[in-house]
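**Q** My structure is in coords-v9.csv, and what it holds is CSV, C-alpha atoms:
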chain,number,residue,atom,x,y,z
A,1,MET,CA,-26.5,12.6,32.1
A,2,THR,CA,-23.7,10.9,30.1
A,3,VAL,CA,-25.5,7.6,29.9
A,4,THR,CA,-28.6,9.4,28.6
A,5,ARG,CA,-26.6,11.3,26.0
A,6,PHE,CA,-25.0,8.2,24.6
A,7,ALA,CA,-28.2,6.2,24.7
A,8,MET,CA,-29.7,9.0,22.6
A,9,LEU,CA,-26.7,8.8,20.3
A,10,ALA,CA,-27.0,5.1,20.0
A,11,ASP,CA,-30.7,5.5,19.0
A,12,LEU,CA,-29.8,8.2,16.5
A,13,ALA,CA,-27.1,5.9,15.0
A,14,LYS,CA,-29.9,3.4,14.2
A,15,GLU,CA,-31.9,6.0,12.4
A,16,THR,CA,-31.6,5.6,8.6
A,17,THR,CA,-33.6,8.6,7.5
A,18,SER,CA,-31.7,11.6,6.1
A,19,GLU,CA,-33.0,13.7,9.0
A,20,GLY,CA,-31.7,11.2,11.5
A,21,ARG,CA,-28.3,11.1,9.8
A,22,ARG,CA,-28.1,14.9,9.8
A,23,GLU,CA,-29.0,14.9,13.5
A,24,LEU,CA,-26.3,12.3,14.2
A,25,LEU,CA,-23.7,14.3,12.4
A,26,ARG,CA,-24.8,17.4,14.3
A,27,ARG,CA,-24.4,15.5,17.6
A,28,VAL,CA,-21.1,14.1,16.5
A,29,THR,CA,-19.9,17.7,15.7
A,30,GLU,CA,-21.1,18.9,19.1
A,31,ALA,CA,-19.4,16.1,20.9
A,32,LEU,CA,-16.1,16.8,19.1
A,33,ASP,CA,-16.1,20.5,19.9
A,34,PRO,CA,-12.7,21.4,21.4
A,35,ALA,CA,-14.3,24.1,23.5
A,36,ALA,CA,-16.3,21.5,25.4
A,37,PRO,CA,-14.0,18.4,25.5
A,38,LEU,CA,-15.4,15.0,26.5
A,39,ALA,CA,-14.3,13.1,29.6
A,40,ALA,CA,-12.3,9.9,29.1
A,41,ASP,CA,-15.3,7.7,29.8
A,42,GLU,CA,-17.5,9.7,27.4
A,43,ILE,CA,-14.8,9.4,24.6
A,44,THR,CA,-14.8,5.6,25.1
A,45,ALA,CA,-18.6,5.4,25.0
A,46,PHE,CA,-18.8,7.7,22.0
A,47,ASP,CA,-16.1,5.8,20.2
A,48,ASP,CA,-17.9,2.5,20.8
A,49,VAL,CA,-21.1,3.9,19.3
A,50,LEU,CA,-19.4,5.3,16.2
A,51,ALA,CA,-17.4,2.2,15.5
A,52,ALA,CA,-20.5,0.0,15.9
A,53,VAL,CA,-22.7,1.9,13.5
A,54,ALA,CA,-20.1,3.1,11.0
A,55,SER,CA,-20.9,0.4,8.4
A,56,ASP,CA,-24.6,1.3,8.5
A,57,TYR,CA,-24.1,4.6,6.8
A,58,SER,CA,-23.3,5.8,3.3
A,59,THR,CA,-19.8,6.6,2.2
A,60,GLN,CA,-20.6,10.3,2.3
A,61,VAL,CA,-21.8,10.2,5.9
A,62,ARG,CA,-18.8,8.0,7.0
A,63,ALA,CA,-16.5,10.4,5.3
A,64,GLN,CA,-18.0,13.3,7.2
A,65,ILE,CA,-17.6,11.5,10.5
A,66,ALA,CA,-14.1,10.5,9.6
A,67,ARG,CA,-13.1,14.1,8.9
A,68,LEU,CA,-14.5,15.1,12.3
A,69,ILE,CA,-12.6,12.3,14.1
A,70,ALA,CA,-9.4,13.0,12.2
A,71,SER,CA,-9.4,16.6,13.2
A,72,SER,CA,-10.4,15.9,16.8
A,73,LEU,CA,-7.9,16.1,19.6
A,74,SER,CA,-9.7,13.2,21.4
A,75,PRO,CA,-8.3,9.7,20.8
A,76,PHE,CA,-11.2,7.9,19.0
A,77,SER,CA,-9.1,4.8,18.5
A,78,ARG,CA,-11.8,2.2,17.6
A,79,SER,CA,-13.5,4.5,15.1
A,80,ALA,CA,-10.1,5.5,13.6
A,81,GLN,CA,-9.0,1.9,13.2
A,82,ARG,CA,-12.3,1.0,11.5
A,83,PHE,CA,-12.3,4.1,9.2
A,84,ALA,CA,-8.7,3.5,8.2
A,85,MET,CA,-9.7,0.3,6.5
A,86,ASP,CA,-12.7,1.8,4.7
A,87,ASP,CA,-13.1,3.2,1.2
A,88,ILE,CA,-10.4,5.8,0.5
A,89,GLU,CA,-13.0,8.7,0.7
A,90,VAL,CA,-13.5,7.7,4.3
A,91,ALA,CA,-10.0,6.6,5.2
A,92,ARG,CA,-8.0,9.5,3.7
A,93,PRO,CA,-8.5,12.0,6.5
A,94,ILE,CA,-7.9,9.4,9.2
A,95,LEU,CA,-4.8,8.0,7.5
A,96,GLU,CA,-3.3,11.4,7.0
A,97,HIS,CA,-4.2,13.1,10.3
A,98,SER,CA,-5.4,10.8,13.1
A,99,GLU,CA,-3.0,10.3,15.9
A,100,ALA,CA,-5.2,7.4,17.2
A,101,LEU,CA,-3.9,4.9,14.6
A,102,THR,CA,-1.5,2.2,15.8
A,103,GLU,CA,1.5,1.1,13.8
A,104,ASP,CA,-0.2,-2.3,13.4
A,105,THR,CA,-3.2,-0.7,11.8
A,106,LEU,CA,-1.0,1.4,9.4
A,107,LEU,CA,0.9,-1.8,8.4
A,108,ARG,CA,-2.4,-3.6,7.8
A,109,VAL,CA,-3.5,-0.7,5.6
A,110,VAL,CA,-0.3,-0.8,3.6
A,111,ASN,CA,-0.5,-4.6,3.2
A,112,GLN,CA,-4.2,-4.8,2.4
A,113,LYS,CA,-5.4,-1.6,0.8
A,114,SER,CA,-4.9,0.4,-2.3
A,115,GLN,CA,-2.2,2.7,-3.6
A,116,ASP,CA,-4.4,5.6,-2.7
A,117,HIS,CA,-4.5,4.4,0.9
A,118,MET,CA,-0.7,4.1,0.9
A,119,MET,CA,-0.4,7.6,-0.5
A,120,ALA,CA,-2.5,8.9,2.3
A,121,VAL,CA,-0.2,7.2,4.8
A,122,THR,CA,2.9,8.9,3.3
A,123,ARG,CA,1.3,12.2,4.2
A,124,ARG,CA,1.2,11.5,7.9
A,125,ARG,CA,3.1,13.8,10.3
A,126,ARG,CA,5.1,10.8,11.6
A,127,ILE,CA,5.9,7.5,9.9
A,128,SER,CA,7.8,4.8,11.6
A,129,GLU,CA,10.6,2.9,10.0
A,130,ALA,CA,8.5,-0.3,9.8
A,131,VAL,CA,5.7,1.5,8.0
A,132,SER,CA,8.2,3.2,5.6
A,133,HIS,CA,9.7,-0.1,4.8
A,134,ALA,CA,6.3,-1.6,4.0
A,135,LEU,CA,5.4,1.4,1.8
A,136,VAL,CA,8.6,1.0,-0.2
A,137,GLU,CA,7.9,-2.8,-0.6
A,138,ARG,CA,4.3,-2.4,-1.7
A,139,GLY,CA,3.9,1.1,-3.0
A,140,ASP,CA,4.2,2.3,-6.6
A,141,ASP,CA,6.6,4.9,-7.7
A,142,ALA,CA,4.3,7.8,-6.7
A,143,VAL,CA,3.9,6.4,-3.2
A,144,VAL,CA,7.6,6.0,-2.7
A,145,THR,CA,8.3,9.5,-4.1
A,146,SER,CA,5.8,10.9,-1.7
A,147,LEU,CA,7.3,9.0,1.2
A,148,LEU,CA,10.8,10.3,0.4
A,149,THR,CA,9.5,13.9,0.4
A,150,ASN,CA,8.1,13.5,3.9
A,151,GLN,CA,10.9,14.8,6.0
A,152,ARG,CA,9.5,13.3,9.2
A,153,ALA,CA,9.3,9.8,7.9
A,154,GLU,CA,11.8,7.4,9.5
A,155,ILE,CA,13.4,5.5,6.6
A,156,GLY,CA,15.9,2.8,7.4
A,157,THR,CA,19.0,1.8,5.5
A,158,GLU,CA,17.4,-1.3,4.0
A,159,ALA,CA,14.5,0.7,2.7
A,160,TYR,CA,16.8,3.3,1.2
A,161,GLY,CA,18.7,0.4,-0.5
A,162,MET,CA,15.4,-0.9,-1.9
A,163,VAL,CA,14.7,2.6,-3.3
A,164,ALA,CA,18.1,2.8,-4.9
A,165,LYS,CA,17.7,-0.6,-6.5
A,166,ARG,CA,14.3,0.4,-7.7
A,167,ALA,CA,15.5,3.7,-9.2
A,168,GLU,CA,17.9,1.7,-11.5
A,169,THR,CA,14.9,0.3,-13.4
A,170,SER,CA,12.3,3.0,-12.8
Output the file's structure as structure tokens, nothing else.

**A**
Amino acid sequence: MTVTRFAMLADLAKETTSEGRRELLRRVTEALDPAAPLAADEITAFDDVLAAVASDYSTQVRAQIARLIASSLSPFSRSAQRFAMDDIEVARPILEHSEALTEDTLLRVVNQKSQDHMMAVTRRRRISEAVSHALVERGDDAVVTSLLTNQRAEIGTEAYGMVAKRAETS
């Protein structure tokens, strides 16, 4: 049954018509329903399908899928890692809410993506000291201010020193 369901999802993922995209989104929504959680092997298979086809869809469709994944209690790690590096419209919900992101992915986002991406990272429920340090190094004043207002962010002494030095000229 599971194999059939994911084979069908894989086929839908290849569909490029608007009806096919709507059907894929409907199936993704059903699969992420907290009332009917997926088994671990189903999550892995589903995550693989989503990560594989993500780039084939428009920003709007990817953003819808990213919002569903970000609000899901299931750890869709491959999809989350991929969407975190996407356009900000797609990445924002993942960067702000997904618990599936690794510290390495967050550091890659901070080092390679836009100020908007960094701003989304500052809104996470938990931010490690390493990620905070990178945000202070690369982020503009708005990013640093947002980080400092996040009471759950772990900010080390060195990062605070960088903020203080920066405040002298900002």

**Q** Could you tell me how far atom CA of Ser79 of chain A sits from atom CA of Phe46 of chain A, in Å to one decimal place?

**A**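 Computing the Euclidean distance for atom CA of Phe46 of chain A and atom CA of Ser79 of chain A yields 9.3 Å.
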
**Q** Find the residue from A:Ala51, A:Ala153, A:Val61, A:Leu107 that sits nearest to Ser18 of chain A; use only C-alpha atoms when measuring.

**A**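 Among the listed residues, A:Val61 lies closest to Ser18 of chain A.
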
**Q** When you count all atoms listed in the file, which of these residues is closest to Asp104 of chain A: A:Ala164, A:Ala130, A:Leu135, A:Leu50?

**A** A:Ala130

**Q** Ser98 of chain A: which residues within 6 Å, counting all atoms listed in the file, same-chain residues fewer than 2 positions away excluded, as a list in words?

**A**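 The residues satisfying every condition are Ala70, Ile94 and Ala100 of chain A.
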
**Q** Kindly indicate which residue among A:Gly139, A:Met118, A:Gln81, A:Thr149 lies nearest to Leu101 of chain A, using only C-alpha atoms for the distances.

**A**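 For Leu101 of chain A, the nearest of the candidates is A:Gln81.
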
**Q** So how many Å separate atom CA of Glu129 of chain A and atom CA of Arg152 of chain A, to one decimal?

**A**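 Interatomic distance, atom CA of Glu129 of chain A to atom CA of Arg152 of chain A: 10.5 Å.
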
**Q** Using only C-alpha atoms, which residues sit within 6 Å of segment 120-122 of chain A once same-chain residues fewer than 5 positions away are excluded, as a ChimeraX atom specification?

**A** /A:92,95-96,147

**Q** Provide the atom CA of Arg123 of chain A to atom CA of Val163 of chain A distance in Å, to one decimal place.

**A**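 Separation of atom CA of Arg123 of chain A and atom CA of Val163 of chain A: 18.1 Å.
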
**Q** Smallest atom-to-atom distance to Gln60 of chain A: which of A:Ala91, A:Ile127, A:Ala84, A:Ala40, using all atoms listed in the file?

**A** A:Ala91

**Q** Restricting the calculation to all atoms listed in the file, which member of A:Arg124, A:Asp87, A:Pro75, A:Asn150 is positioned closest to Glu42 of chain A?

**A**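 Closest to Glu42 of chain A, using all atoms listed in the file: A:Pro75.
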
**Q** Of the residues A:His97, A:Arg126, A:Arg26, A:Arg62, which is the one nearest to Phe83 of chain A, using only C-alpha atoms?

**A**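 For Phe83 of chain A, the nearest of the candidates is A:Arg62.
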
**Q** Excluding Gln115 of chain A and its own-chain neighbours fewer than 5 positions away, which residues fall within 9 Å of it when counting all atoms listed in the file? Please give them as a list in words.

**A** Val110, Ala120, Arg138, Gly139, Asp140, Ala142 and Val143 of chain A

**Q** Could you write out that same residue set with C-alpha atoms as a PDB file, in the coordinates of the input?

**A**
ATOM      1  CA  VAL A 110      -0.300  -0.800   3.600  1.00  0.00           C
ATOM      2  CA  ALA A 120      -2.500   8.900   2.300  1.00  0.00           C
ATOM      3  CA  ARG A 138       4.300  -2.400  -1.700  1.00  0.00           C
ATOM      4  CA  GLY A 139       3.900   1.100  -3.000  1.00  0.00           C
ATOM      5  CA  ASP A 140       4.200   2.300  -6.600  1.00  0.00           C
ATOM      6  CA  ALA A 142       4.300   7.800  -6.700  1.00  0.00           C
ATOM      7  CA  VAL A 143       3.900   6.400  -3.200  1.00  0.00           C
TER       8      VAL A 143
END

**Q** So which residues are close to (10.7, 1.5, 2.9), meaning at most 8 Å away in the file's coordinates with only C-alpha atoms counted, and can you show them as a ChimeraX atom specification?

**A** /A:129-137,144,155-156,158-160,162-163
